Structures are given as C-alpha cells and as structure tokens.
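Participant: Please find one structure pasted underneath; my questions will follow.
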Amino acid sequence: MNTPPSATEAFDPAGATRRLIREARVAALATLDADGTPYVSLVQLSTRPDGAPLLLLSSLARHTHNLTRDARACLLVDERRLGDELQGARASLKGAIARLDDETAIATARRRFLARHAEAAGFAGFADFAFYRMEPESAHLVAGFGRIADVEREGLMTDVSDAGELLAAEEGAIAHMNADHRDAIGLYALHLAGAGPGDWRIVGIDPEGCDLMAGTELRRLTFPRRVTTARGMREILVELAGAARGVTIDSAQ
C-alpha cells in the first residue's frame with residue numbers, strides 16, 4: 001500500500017498539483033462581481049482528459065453572470081482532510097473559464113462529469129445549465145512545510161495531442177473494466193493508490209493515469225509510463241493488476 005512521502009523524497013509540485021485536481025469533486029470558485037469585488041462560491045468539479053477543470057454551471061447563478069462579464073477566475077482544490085484541514089495539500093488555480101460549445105467536447109464533458117456526479121444527471125440537461133472549462137494559467141501549491149511552489153500551465157496539463165486512439169477507446173474501456181474487472185479495480189485502489197476498501201470503479205482514463213472512485217472518494221492512479229493507444233491502455237491495466245496482486249501475495253507471506 002502507498003505510504004505518505006517522506007521529507008527526503010523528491011518533491012514534484014506539478015505532479016502533486018495535477019493529482020489534487022484529478023482527485024477533487026468540489027472546489028471553491030472565485031469570480032469578480034461587477035464592482036470588482038471577489039465573490040466565492042462552491043462548485044462541483046470534474047476534469048477533461050487533458051486535466052483541465054470541468055464545471056457544470058447554471059446561467060442563473062451569480063458566478064456565471066460574473067464569468068460572462070469577466071472570464072478570469074480562481075479555483076481552490078484541497079485534500080479534504082476533515083479535522084486537520086490546514087495540514088492537507090491545496091492548490092489555487094488561476095485562469096479563464098469559458099462555456100463549451102463544441103458538441104463532441106460537450107458529450108465527453110457530460111460523460112466524465114456525470115461519472116463523478118451521478119446526481120447531476122437530473123438537471124444537466126436543463127436549458128439553463130451548460131458545461132464550462134477552465135484554461136489554467138498557473139497554480140499556487142501549498143503541500144506542507146517546505147513544499148510551497150508555483151506551477152505554470154505546462155506543468156498542469158496532460159498532453160493529449162497524440163492520444164486520439166486512447167481517448168476514442170476510453171468510454172468502452174471504462175465500461176468493460178467496471179462490468180467485468182471490478183476485482184482488479186479494487187486491487188488498484190487498495191494496493192497501488194493507497195485507498196481503503198470500497199466499491200471502486202474507474203471514472204476516467206487519460207495518457208498519464210486513471211481516476212478511481214468509490215462513493216464520494218476519488219483516487220488518482222498514475223501509470224508507470226505514458227500510453228496513447230487502446231492496446232497500450234489494455235497492456236498497462238493488465239500490468240497494474242498483476243502488480244497489485246503481487247502486493248497482495250507479498251503481504252500474505
């Protein structure tokens with residue numbers, strides 16, 4: 001099972017920030033009121049395959065009115081350590097938020113968002129709701145003593161320019177894994193992602209890893225290497241299952 005990083009381990013601010021974004025289900029959204037005063041609200045969060053934050057917003061909401069006038073915004077994501085909040089990692093992302101208008105992008109957004117927020121299906125189709133994407137410019141990460149850093153855009157995003165085959169296969173692969181290989185997904189969570197037992201399923205796959213979810217808990221499983229094809233994805237999921245089963249065997253000896 002994963003253990004917390006020691007003080008002597010190399011600190012990867014970009015990787016830590018990407019993990020926070022991928023594992024977040026909610027975030028604090030700061031927008032600008034008409035008089036320039038910051039306004040903060042709570043929003044549900046998902047991600048696009050490239051790691052960009054994805055929001056489902058109502059045109060009736062105050063934050064949406066603000067974004068229509070001024071797209072600049074900030075999202076705060078954190079580890080959600082209840083009772084020990086200030087000891088957990090958190091990151092503030094700065095960027096512009098805009099409504100998605102491409103039908104393919106909207107379909108992908110809907111699928112990935114509802115995989116994390118099934119309860120949103122009841123209003124995701126309402127006329128006043130739409131999907132929005134943040135284009136992150138930078139992030140400020142606070143991950144503990146001596147682990148404070150600024151991360152620029154290139155460190156926040158996952159390159160998907162050469163991963164068209166993988167992205168086309170993502171939906172089918174997730175459905176197959178969740179239907180036929182839930183035991184393997186549970187082992188991923190327990191022995192590779194440092195999670196506890198639960199009804200784990202995959203809710204997203206991209207070139208750098210996959211997102212696991214049980215109840216309201218999300219865990220990011222980073223792949224040992226980048227994958228861009230359907231075959232590469234299948235191979236690495238099989239390898240990870242073998243690695244997780246190896247941990248199970250070792251721990252029993």
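Naming works like this for the structure tokens: A, B, ... for the chains as they're shown, residue 1 at the start of each chain, ligands 1 onward in shown order.
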Just asking: which residues within segment 16-240 of chain A are strand (DSSP E or B) according to DSSP, as JSON, numbers by chain?

Facilitator: {"A": [26, 27, 28, 29, 30, 31, 32, 38, 39, 40, 41, 42, 43, 44, 46, 47, 53, 54, 55, 56, 57, 58, 72, 73, 74, 75, 76, 77, 78, 90, 91, 92, 93, 94, 95, 96, 97, 98, 99, 129, 130, 131, 132, 133, 134, 135, 136, 137, 138, 139, 140, 141, 142, 148, 149, 150, 151, 152, 201, 202, 203, 204, 205, 206, 209, 210, 211, 212, 213, 214, 217, 218, 219, 220, 221, 222]}

Participant: Report as a tab-separated table (two decimals) with C-alpha atoms, in the first residue's frame all protein, DNA and RNA residues lying within 8 Å of segment 202-212 of chain A, evaluated on only C-alpha atoms, omitting residues in the same chain fewer than 6 positions from it.

Facilitator:
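Written out: out.tsv:
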chain	number	residue	atom	x	y	z
A	22	ARG	CA	-7.84	14.94	-10.65
A	23	GLU	CA	-8.97	13.84	-7.17
A	49	PRO	CA	-8.81	14.17	-20.40
A	50	ASP	CA	-6.10	16.86	-20.57
A	112	ARG	CA	-16.93	12.40	-17.49
A	115	ALA	CA	-19.40	9.62	-13.82
A	116	ARG	CA	-18.32	11.61	-10.75
A	158	THR	CA	-1.71	16.42	-19.80
A	159	ASP	CA	-0.69	16.29	-23.46
A	160	VAL	CA	-3.42	14.51	-25.43
A	163	ALA	CA	-3.71	10.21	-27.86
A	166	LEU	CA	-6.80	6.19	-26.48
A	167	LEU	CA	-9.48	8.84	-25.98
A	170	GLU	CA	-11.82	5.41	-23.17
A	174	ILE	CA	-14.18	2.03	-18.68
A	177	MET	CA	-13.44	-2.69	-16.69
A	178	ASN	CA	-16.34	-1.66	-14.45
A	185	ILE	CA	-10.03	-2.14	-9.82
A	189	ALA	CA	-7.24	1.18	-5.16
A	218	LEU	CA	-11.59	9.75	-5.63
A	219	ARG	CA	-8.08	8.41	-6.07
A	220	ARG	CA	-5.64	9.00	-8.88
A	221	LEU	CA	-3.63	6.03	-10.15
A	222	THR	CA	-0.66	7.25	-12.17
A	223	PHE	CA	0.58	4.94	-14.90
A	225	ARG	CA	4.57	5.17	-18.38
A	226	ARG	CA	2.59	7.28	-20.80
A	227	VAL	CA	0.07	5.49	-23.06
A	228	THR	CA	-1.61	6.81	-26.19

Participant: Return the single residue from A:Thr229, A:Gln44, A:Gln87, A:Ser161 that is closest to Gly144 of chain A, with distances computed using only C-alpha atoms.

Facilitator: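 Closest residue, counting only C-alpha atoms: A:Gln87.
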
Participant: A:Leu187, A:Leu76, A:Ala195, A:Ala169: which is nearest Arg245 of chain A, counting only C-alpha atoms?

Facilitator: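 Using only C-alpha atoms, the shortest distance to Arg245 of chain A belongs to A:Leu187.
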
Participant: Just the number, please: distance in Å from atom CA of Phe131 of chain A to atom CA of Leu237 of chain A, one decimal.

Facilitator: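 We find that atom CA of Phe131 of chain A and atom CA of Leu237 of chain A lie 29.9 Å from each other.
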
Participant: I'd like the neighbourhood of Ala109 of chain A as a ChimeraX atom specification, where a residue qualifies if any of its atoms comes within 10 Å (using only C-alpha atoms), though same-chain residues fewer than 4 positions away should be ignored.

Facilitator: /A:46-49,54-56,100,103-105,113-115,130-133

Participant: Using Å and a single decimal, report how far atom CA of Arg201 of chain A sits from atom CA of Ala214 of chain A.

Facilitator: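 Pair atom CA of Ala214 of chain A / atom CA of Arg201 of chain A returns 6.5 Å.
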
Participant: Pick out the residues sitting within 9 Å of segment 94-98 of chain A, and hand them over as a ChimeraX atom specification; count only C-alpha atoms, and ignore anything fewer than 3 positions along from it in its own chain.

Facilitator: /A:67-68,70-75,131-140
